[in-house]
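Q: One file: run-v3.csv (CSV, C-alpha atoms).
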chain,number,residue,atom,x,y,z
A,1093,MET,CA,48.6,-61.0,-40.8
A,1094,PRO,CA,48.8,-60.2,-37.1
A,1095,SER,CA,46.3,-57.8,-35.7
A,1096,PRO,CA,47.4,-54.2,-34.9
A,1097,ILE,CA,48.6,-53.9,-31.3
A,1098,LEU,CA,46.8,-51.4,-29.1
A,1099,HIS,CA,48.5,-50.2,-25.9
A,1100,PHE,CA,45.6,-49.2,-23.7
A,1101,HIS,CA,43.8,-49.1,-20.3
A,1102,PRO,CA,40.1,-49.9,-20.1
A,1103,LEU,CA,39.4,-47.1,-17.7
A,1104,SER,CA,40.8,-44.4,-20.0
A,1105,SER,CA,38.2,-42.4,-21.9
A,1106,CYS,CA,40.7,-41.9,-24.8
A,1107,CYS,CA,41.2,-45.6,-25.1
A,1108,GLN,CA,37.5,-46.3,-24.9
A,1109,LYS,CA,37.0,-44.0,-27.8
A,1110,VAL,CA,39.3,-46.2,-30.0
A,1111,LEU,CA,37.8,-49.5,-28.6
A,1112,ILE,CA,34.3,-48.3,-29.5
A,1113,ALA,CA,35.4,-47.5,-33.0
A,1114,ALA,CA,37.1,-50.9,-33.4
A,1115,HIS,CA,33.9,-52.6,-32.4
A,1116,VAL,CA,31.9,-50.6,-35.0
A,1117,LEU,CA,34.5,-51.1,-37.8
A,1118,GLY,CA,34.8,-54.9,-37.1
A,1119,VAL,CA,38.5,-54.6,-36.4
A,1120,SER,CA,40.3,-57.2,-34.3
A,1121,LEU,CA,43.0,-55.6,-32.0
A,1122,ASP,CA,45.8,-57.2,-30.0
A,1123,THR,CA,45.2,-55.3,-26.8
A,1124,ARG,CA,48.1,-54.8,-24.4
A,1125,LEU,CA,47.1,-53.5,-21.0
A,1126,LEU,CA,49.3,-50.6,-20.0
A,1127,ASN,CA,50.0,-49.5,-16.4
A,1128,LEU,CA,51.6,-46.1,-16.5
A,1129,GLY,CA,51.8,-46.1,-12.7
A,1130,ASP,CA,54.5,-48.7,-12.9
A,1131,PRO,CA,57.9,-47.0,-13.4
A,1132,VAL,CA,59.4,-49.8,-15.4
A,1133,GLU,CA,56.4,-50.2,-17.7
A,1134,ARG,CA,56.2,-46.4,-18.1
A,1135,ALA,CA,59.8,-46.2,-19.1
A,1136,ALA,CA,59.4,-49.0,-21.6
A,1137,PHE,CA,56.4,-47.3,-23.1
A,1138,ARG,CA,58.2,-44.0,-23.4
A,1139,ALA,CA,61.0,-45.7,-25.2
A,1140,LEU,CA,58.5,-46.9,-27.7
A,1141,TRP,CA,56.5,-43.6,-27.7
A,1142,PRO,CA,58.3,-40.6,-26.2
A,1143,LEU,CA,55.0,-38.6,-25.8
A,1144,GLY,CA,54.0,-41.3,-23.2
A,1145,LYS,CA,50.3,-41.0,-24.0
A,1146,MET,CA,47.8,-43.8,-24.6
A,1147,PRO,CA,46.2,-45.2,-26.6
A,1148,LEU,CA,48.9,-46.1,-29.0
A,1149,LEU,CA,48.4,-48.3,-32.1
A,1150,VAL,CA,51.5,-50.2,-33.4
A,1151,GLU,CA,51.4,-52.1,-36.7
A,1152,GLN,CA,54.5,-53.6,-38.3
A,1153,GLY,CA,56.8,-51.3,-36.2
A,1154,THR,CA,54.9,-48.1,-37.1
A,1155,CYS,CA,53.4,-46.2,-34.2
A,1156,ILE,CA,50.1,-44.3,-34.7
A,1157,GLY,CA,49.0,-42.0,-31.9
A,1158,GLU,CA,46.1,-39.7,-31.2
A,1159,THR,CA,42.6,-41.2,-31.0
A,1160,SER,CA,41.0,-39.6,-34.1
A,1161,ILE,CA,44.1,-40.5,-36.3
A,1162,ILE,CA,44.1,-44.1,-34.9
A,1163,ILE,CA,40.4,-44.5,-35.8
A,1164,GLU,CA,40.9,-43.0,-39.3
A,1165,TYR,CA,43.8,-45.4,-39.8
A,1166,LEU,CA,41.7,-48.4,-38.8
A,1167,GLN,CA,39.0,-47.3,-41.1
A,1168,LEU,CA,41.4,-46.9,-44.0
A,1169,HIS,CA,43.3,-50.2,-43.5
A,1170,HIS,CA,41.2,-52.6,-41.5
A,1171,ALA,CA,37.4,-51.8,-41.5
A,1172,ALA,CA,34.9,-54.4,-42.6
A,1173,ASP,CA,33.5,-53.8,-46.1
A,1174,GLY,CA,31.1,-50.9,-46.3
A,1175,VAL,CA,31.6,-49.9,-42.6
A,1176,ARG,CA,32.6,-46.2,-42.1
A,1177,LEU,CA,32.8,-43.8,-39.1
A,1178,ILE,CA,34.0,-40.9,-41.3
A,1179,PRO,CA,31.7,-40.5,-44.4
A,1180,GLN,CA,33.1,-40.4,-47.9
A,1181,ASP,CA,31.3,-37.1,-48.7
A,1182,ALA,CA,33.7,-34.3,-47.9
A,1183,ALA,CA,31.1,-32.0,-46.3
A,1184,GLN,CA,29.6,-34.7,-44.1
A,1185,ALA,CA,33.1,-35.8,-43.1
A,1186,LEU,CA,33.9,-32.2,-42.1
A,1187,GLN,CA,30.9,-32.1,-39.8
A,1188,VAL,CA,31.9,-35.5,-38.2
A,1189,ARG,CA,35.4,-34.2,-37.6
A,1190,PHE,CA,34.1,-31.0,-36.2
A,1191,TRP,CA,31.9,-32.7,-33.6
A,1192,ASP,CA,34.7,-35.1,-32.8
A,1193,ARG,CA,36.9,-32.1,-31.9
A,1194,VAL,CA,34.1,-30.5,-29.9
A,1195,CYS,CA,33.8,-33.6,-27.8
A,1196,ASP,CA,37.5,-34.1,-27.3
A,1197,LEU,CA,38.3,-30.5,-26.5
A,1198,TYR,CA,35.2,-29.2,-24.7
A,1199,VAL,CA,33.8,-32.3,-23.0
A,1200,MET,CA,36.7,-34.8,-22.5
A,1201,THR,CA,39.3,-32.2,-21.7
A,1202,PRO,CA,37.3,-30.4,-18.9
A,1203,MET,CA,36.2,-33.8,-17.6
A,1204,GLN,CA,39.9,-34.8,-17.4
A,1205,ALA,CA,40.7,-31.6,-15.6
A,1206,LEU,CA,38.1,-32.4,-12.9
A,1207,THR,CA,39.6,-35.9,-12.6
A,1208,GLY,CA,43.0,-34.4,-12.3
A,1209,ALA,CA,41.9,-32.1,-9.5
A,1210,LEU,CA,40.6,-35.0,-7.4
A,1211,LEU,CA,44.0,-36.8,-7.9
A,1212,GLN,CA,45.9,-33.9,-6.4
A,1213,PRO,CA,47.0,-34.3,-2.7
A,1214,ASP,CA,44.0,-33.4,-0.6
A,1215,GLY,CA,42.1,-32.8,-3.9
A,1216,ASP,CA,38.4,-32.0,-3.3
A,1217,GLY,CA,37.4,-30.9,-6.8
A,1218,GLY,CA,37.2,-27.2,-5.8
A,1219,GLY,CA,39.1,-24.1,-7.0
A,1220,ALA,CA,38.9,-21.7,-9.9
A,1221,ALA,CA,40.3,-24.2,-12.4
A,1222,THR,CA,37.6,-26.8,-11.6
A,1223,GLU,CA,34.9,-24.2,-11.6
A,1224,ALA,CA,36.0,-23.2,-15.1
A,1225,ALA,CA,36.0,-26.8,-16.2
A,1226,ARG,CA,32.4,-27.2,-14.9
A,1227,ALA,CA,31.4,-24.1,-16.7
A,1228,THR,CA,32.9,-25.4,-19.9
A,1229,LEU,CA,31.0,-28.6,-19.6
A,1230,LEU,CA,27.7,-26.8,-19.1
A,1231,ASN,CA,28.4,-24.6,-22.1
A,1232,SER,CA,29.2,-27.8,-24.1
A,1233,TYR,CA,26.0,-29.5,-23.0
A,1234,ALA,CA,24.0,-26.6,-24.3
A,1235,LEU,CA,25.7,-26.7,-27.6
A,1236,LEU,CA,25.3,-30.5,-27.9
A,1237,ASP,CA,21.7,-30.3,-26.9
A,1238,ARG,CA,21.0,-27.8,-29.7
A,1239,GLN,CA,22.9,-30.0,-32.2
A,1240,LEU,CA,21.0,-33.1,-31.2
A,1241,ASP,CA,17.5,-31.6,-31.6
A,1242,GLY,CA,16.0,-33.8,-34.3
A,1243,ARG,CA,19.1,-35.9,-34.8
A,1244,PRO,CA,19.6,-39.5,-33.6
A,1245,TRP,CA,23.4,-39.2,-33.6
A,1246,LEU,CA,25.7,-36.2,-33.1
A,1247,ALA,CA,26.6,-35.6,-36.8
A,1248,GLY,CA,23.4,-36.9,-38.4
A,1249,ASP,CA,21.6,-40.1,-39.0
A,1250,SER,CA,24.6,-42.5,-38.7
A,1251,PHE,CA,26.8,-43.4,-35.7
A,1252,SER,CA,30.2,-41.8,-36.5
A,1253,LEU,CA,33.6,-40.8,-35.2
A,1254,ALA,CA,31.9,-38.0,-33.4
A,1255,ASP,CA,29.8,-40.4,-31.3
A,1256,CYS,CA,32.9,-42.5,-30.5
A,1257,ALA,CA,34.3,-39.4,-29.0
A,1258,ALA,CA,31.1,-38.3,-27.2
A,1259,ALA,CA,30.4,-41.7,-25.5
A,1260,PRO,CA,33.3,-42.0,-23.1
A,1261,ALA,CA,33.6,-38.2,-22.6
A,1262,LEU,CA,29.9,-37.9,-21.6
A,1263,PHE,CA,29.9,-41.1,-19.6
A,1264,TYR,CA,32.5,-39.6,-17.2
A,1265,ALA,CA,31.6,-36.0,-17.5
A,1266,VAL,CA,28.0,-36.5,-16.3
A,1267,ALA,CA,29.5,-38.1,-13.1
A,1268,TYR,CA,30.8,-34.6,-12.3
A,1269,VAL,CA,28.3,-32.3,-13.9
A,1270,PRO,CA,24.9,-33.9,-14.6
A,1271,VAL,CA,23.1,-32.9,-17.8
A,1272,PRO,CA,20.5,-30.2,-16.8
A,1273,ALA,CA,16.9,-31.3,-17.0
A,1274,SER,CA,16.3,-28.6,-19.6
A,1275,HIS,CA,18.5,-30.4,-22.1
A,1276,ALA,CA,16.1,-33.2,-23.1
A,1277,ALA,CA,17.8,-34.0,-26.5
A,1278,LEU,CA,21.2,-34.4,-24.9
A,1279,SER,CA,19.8,-36.5,-22.0
A,1280,ALA,CA,18.1,-38.8,-24.5
A,1281,TYR,CA,21.2,-39.0,-26.6
A,1282,VAL,CA,23.3,-40.1,-23.6
A,1283,GLU,CA,20.9,-42.9,-22.9
A,1284,ARG,CA,20.9,-43.9,-26.6
A,1285,LEU,CA,24.7,-43.9,-26.6
A,1286,MET,CA,25.0,-46.1,-23.5
A,1287,ALA,CA,22.6,-48.6,-25.0
A,1288,HIS,CA,24.4,-48.7,-28.3
A,1289,ALA,CA,26.0,-52.2,-28.5
A,1290,PRO,CA,29.6,-51.2,-29.2
A,1291,VAL,CA,29.5,-48.5,-26.4
A,1292,ALA,CA,27.8,-50.9,-24.0
A,1293,ALA,CA,30.5,-53.5,-24.6
A,1294,VAL,CA,33.3,-51.2,-23.9
A,1295,ILE,CA,31.7,-49.7,-20.8
A,1296,ASP,CA,30.9,-53.2,-19.5
A,1297,ALA,CA,34.6,-54.2,-20.0
A,1298,ALA,CA,35.7,-51.3,-17.9
A,1299,ARG,CA,33.4,-52.1,-14.9
A,1300,PRO,CA,36.0,-53.8,-12.8
A,1301,TRP,CA,38.1,-50.6,-13.0
A,1302,PHE,CA,35.4,-48.1,-12.1
A,1303,ARG,CA,36.4,-48.3,-8.4
A,1304,HIS,CA,39.6,-46.5,-9.4
A,1305,PHE,CA,37.8,-43.6,-11.1
A,1306,PRO,CA,38.1,-40.5,-8.9
A,1307,GLY,CA,34.6,-39.4,-9.8
A,1308,ARG,CA,33.0,-42.8,-9.1
A,1309,ALA,CA,30.6,-41.3,-6.6
A,1310,GLY,CA,28.7,-39.6,-9.4
A,1311,LEU,CA,28.4,-42.8,-11.6
A,1312,ALA,CA,24.9,-44.3,-11.8
A,1313,ARG,CA,24.5,-47.4,-9.7
A,1314,ARG,CA,23.8,-49.5,-12.8
A,1315,TYR,CA,27.5,-48.9,-13.6
A,1316,TYR,CA,29.1,-48.7,-10.2
A,1317,ASP,CA,27.7,-49.8,-6.9
A,1318,PRO,CA,30.1,-49.1,-4.0
A,1319,ASP,CA,28.1,-51.5,-1.8
A,1320,ALA,CA,28.2,-54.4,-4.2
Go ahead and render the structure in this file as structure tokens.
A:
Amino acid sequence: MPSPILHFHPLSSCCQKVLIAAHVLGVSLDTRLLNLGDPVERAAFRALWPLGKMPLLVEQGTCIGETSIIIEYLQLHHAADGVRLIPQDAAQALQVRFWDRVCDLYVMTPMQALTGALLQPDGDGGGAATEAARATLLNSYALLDRQLDGRPWLAGDSFSLADCAAAPALFYAVAYVPVPASHAALSAYVERLMAHAPVAAVIDAARPWFRHFPGRAGLARRYYDPDA
């Protein structure tokens, strides 16, 4: 049976979230690099998926969109035996889904707003909207730091969907707004995330593209060295 097709770009935080999950679940994907900057390619993709957003999973002609849904689909239909990112226990699963939403809405979304501001003509990352995004990130950092006190992973003892969401969101977010020194639990978690093998593999695969990331000046030199 052919592997599910994933339309993606390695620089995209949303795509990285799904790729990390696929690594953890032991799922083989037929990855198709998508360049939405190309008008012809963009039109073809919109014909397939009118929302025009990636990543997009396609299996046997069925399109599955939205990162958390894609990951849950992969767990349901393709995961290696005994491997889960969403627990079977309903209460634990609710916690995982909650922290997944927190990372997507309150870390990834403001991070993307800061990226969008730099992509505007003469964008310098300033203005009221970007200040609001920075404030949201700082509030989110405080919440995550409190949640991580005494926990190895965001929703408990096991790496989960929530950590798949946190990894790329935080990787890019801290390039714009570093984690305050007072948030020791969150700082340690970020390092733990980046060293986790599935996350490290996805970040490493994206390295050739970091020169195109608008916030690259804030990336640690171990990930992007402008002089290299």
Q: If we count only C-alpha atoms, what is near Met1200 of chain A at a cut-off of 9 Å, once residues fewer than 5 positions away on the same chain are taken out, given as a ChimeraX atom specification?
A: /A:1105-1106,1194-1195,1205,1229,1257-1258,1260-1262,1264-1265
Q: Nearest residue to Gly1153 of chain A out of A:Pro1096, A:His1275, A:Pro1202, A:Val1266, using all atoms listed in the file?
A: A:Pro1096
Q: What are the nearest atom pairs, with distances in Å to one decimal, for all residues of segment 1131-1213 of chain A that come at most 9 Å from segment 1232-1253 of chain A, using all atoms listed in the file, set out by chain and rising residue number as CSV?
A:
residue,atom,partner,partner_atom,distance
A:Ser1160,CA,A:Leu1253,CA,7.6
A:Ile1163,CA,A:Leu1253,CA,7.8
A:Glu1164,CA,A:Leu1253,CA,8.7
A:Arg1176,CA,A:Ser1252,CA,7.5
A:Leu1177,CA,A:Ser1252,CA,4.2
A:Ile1178,CA,A:Leu1253,CA,6.1
A:Pro1179,CA,A:Ser1252,CA,8.1
A:Gln1184,CA,A:Ala1247,CA,7.9
A:Gln1187,CA,A:Ala1247,CA,6.3
A:Val1188,CA,A:Ala1247,CA,5.5
A:Arg1189,CA,A:Leu1253,CA,7.2
A:Phe1190,CA,A:Ala1247,CA,8.8
A:Trp1191,CA,A:Ala1247,CA,6.8
A:Asp1192,CA,A:Leu1253,CA,6.3
A:Val1194,CA,A:Ser1232,CA,8.1
A:Cys1195,CA,A:Ser1232,CA,8.3
A:Tyr1198,CA,A:Ser1232,CA,6.2
A:Val1199,CA,A:Ser1232,CA,6.5
Q: May I ask for the distance between atom CA of Ile1295 of chain A and atom CA of Arg1138 of chain A, given in Å to one decimal place?
A: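 It comes out at 27.2 Å.
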Q: Pick out the residues sitting within 7 Å of Arg1124 of chain A, and hand them over as an MDAnalysis selection string; count only C-alpha atoms, and ignore anything fewer than 4 positions along from it in its own chain.
A: chainID A and resid 1097:1100
Q: Looking at only C-alpha atoms, which of A:Trp1141, A:Tyr1165, A:Phe1305, A:Tyr1315 is the one that sits closest to Tyr1268 of chain A?
A: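 Ranked by minimum distance to Tyr1268 of chain A, first place goes to A:Phe1305.
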Q: Can you measure atom CA of Arg1314 of chain A to atom CA of Met1286 of chain A for me? One decimal in Å is fine.
A: 11.3 Å
Q: Please determine, counting only C-alpha atoms, which residue among A:Gly1208, A:Gly1157, A:Pro1300, A:Pro1290 has the shortest atom-to-atom distance to Gly1144 of chain A.
A: A:Gly1157
Q: Which residue, A:His1169, A:Arg1226, A:Arg1313, A:Arg1308, has the smallest gap to Ala1267 of chain A when you use only C-alpha atoms?
A: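 Counting only C-alpha atoms, the residue closest to Ala1267 of chain A is A:Arg1308.
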Q: For atom CA of Leu1128 of chain A and atom CA of Pro1102 of chain A, determine how far apart the two atoms are, in Å to one decimal place.
A: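 We find that atom CA of Leu1128 of chain A and atom CA of Pro1102 of chain A lie 12.6 Å from each other.
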Q: Output as a CSV table (one decimal), keeping the file's coordinate frame: segment 1284-1305 of chain A, completed with N, CA, C and O atoms.
A:
chain,number,residue,atom,x,y,z
A,1284,ARG,N,20.8,-43.2,-25.3
A,1284,ARG,CA,20.9,-43.9,-26.6
A,1284,ARG,C,22.4,-44.4,-26.8
A,1284,ARG,O,22.6,-45.5,-27.3
A,1285,LEU,N,23.3,-43.5,-26.5
A,1285,LEU,CA,24.7,-43.9,-26.6
A,1285,LEU,C,25.1,-45.1,-25.7
A,1285,LEU,O,25.7,-46.0,-26.2
A,1286,MET,N,24.7,-45.0,-24.5
A,1286,MET,CA,25.0,-46.1,-23.5
A,1286,MET,C,24.4,-47.4,-23.9
A,1286,MET,O,24.9,-48.5,-23.5
A,1287,ALA,N,23.2,-47.3,-24.6
A,1287,ALA,CA,22.6,-48.6,-25.0
A,1287,ALA,C,23.1,-49.1,-26.3
A,1287,ALA,O,22.8,-50.3,-26.7
A,1288,HIS,N,23.9,-48.3,-27.0
A,1288,HIS,CA,24.4,-48.7,-28.3
A,1288,HIS,C,25.4,-49.9,-28.1
A,1288,HIS,O,26.3,-49.7,-27.3
A,1289,ALA,N,25.2,-51.0,-28.8
A,1289,ALA,CA,26.0,-52.2,-28.5
A,1289,ALA,C,27.5,-52.0,-28.4
A,1289,ALA,O,28.1,-52.5,-27.4
A,1290,PRO,N,28.2,-51.3,-29.3
A,1290,PRO,CA,29.6,-51.2,-29.2
A,1290,PRO,C,30.0,-50.4,-28.0
A,1290,PRO,O,31.0,-50.7,-27.3
A,1291,VAL,N,29.2,-49.3,-27.6
A,1291,VAL,CA,29.5,-48.5,-26.4
A,1291,VAL,C,29.3,-49.4,-25.2
A,1291,VAL,O,30.1,-49.4,-24.3
A,1292,ALA,N,28.1,-50.0,-25.1
A,1292,ALA,CA,27.8,-50.9,-24.0
A,1292,ALA,C,28.9,-51.9,-23.7
A,1292,ALA,O,29.2,-52.2,-22.6
A,1293,ALA,N,29.4,-52.5,-24.8
A,1293,ALA,CA,30.5,-53.5,-24.6
A,1293,ALA,C,31.7,-53.0,-24.0
A,1293,ALA,O,32.3,-53.6,-23.1
A,1294,VAL,N,32.1,-51.8,-24.4
A,1294,VAL,CA,33.3,-51.2,-23.9
A,1294,VAL,C,33.1,-50.7,-22.5
A,1294,VAL,O,34.0,-50.9,-21.6
A,1295,ILE,N,32.0,-50.1,-22.2
A,1295,ILE,CA,31.7,-49.7,-20.8
A,1295,ILE,C,31.7,-50.9,-19.9
A,1295,ILE,O,32.2,-50.9,-18.8
A,1296,ASP,N,31.0,-52.0,-20.3
A,1296,ASP,CA,30.9,-53.2,-19.5
A,1296,ASP,C,32.3,-53.8,-19.2
A,1296,ASP,O,32.6,-54.2,-18.1
A,1297,ALA,N,33.2,-53.7,-20.2
A,1297,ALA,CA,34.6,-54.2,-20.0
A,1297,ALA,C,35.4,-53.4,-19.0
A,1297,ALA,O,36.3,-53.9,-18.4
A,1298,ALA,N,35.0,-52.2,-18.8
A,1298,ALA,CA,35.7,-51.3,-17.9
A,1298,ALA,C,35.1,-51.4,-16.5
A,1298,ALA,O,35.7,-50.8,-15.5
A,1299,ARG,N,34.0,-52.0,-16.3
A,1299,ARG,CA,33.4,-52.1,-14.9
A,1299,ARG,C,34.3,-52.4,-13.8
A,1299,ARG,O,34.3,-51.8,-12.7
A,1300,PRO,N,35.2,-53.4,-14.0
A,1300,PRO,CA,36.0,-53.8,-12.8
A,1300,PRO,C,37.0,-52.7,-12.4
A,1300,PRO,O,37.5,-52.7,-11.3
A,1301,TRP,N,37.1,-51.7,-13.3
A,1301,TRP,CA,38.1,-50.6,-13.0
A,1301,TRP,C,37.4,-49.3,-12.5
A,1301,TRP,O,38.1,-48.4,-12.0
A,1302,PHE,N,36.1,-49.3,-12.5
A,1302,PHE,CA,35.4,-48.1,-12.1
A,1302,PHE,C,35.7,-47.7,-10.6
A,1302,PHE,O,35.6,-46.5,-10.2
A,1303,ARG,N,36.1,-48.6,-9.8
A,1303,ARG,CA,36.4,-48.3,-8.4
A,1303,ARG,C,37.6,-47.4,-8.3
A,1303,ARG,O,37.8,-46.8,-7.2
A,1304,HIS,N,38.4,-47.3,-9.4
A,1304,HIS,CA,39.6,-46.5,-9.4
A,1304,HIS,C,39.3,-45.1,-10.0
A,1304,HIS,O,40.2,-44.3,-10.0
A,1305,PHE,N,38.1,-44.9,-10.5
A,1305,PHE,CA,37.8,-43.6,-11.1
A,1305,PHE,C,37.5,-42.6,-10.0
A,1305,PHE,O,36.7,-42.8,-9.1
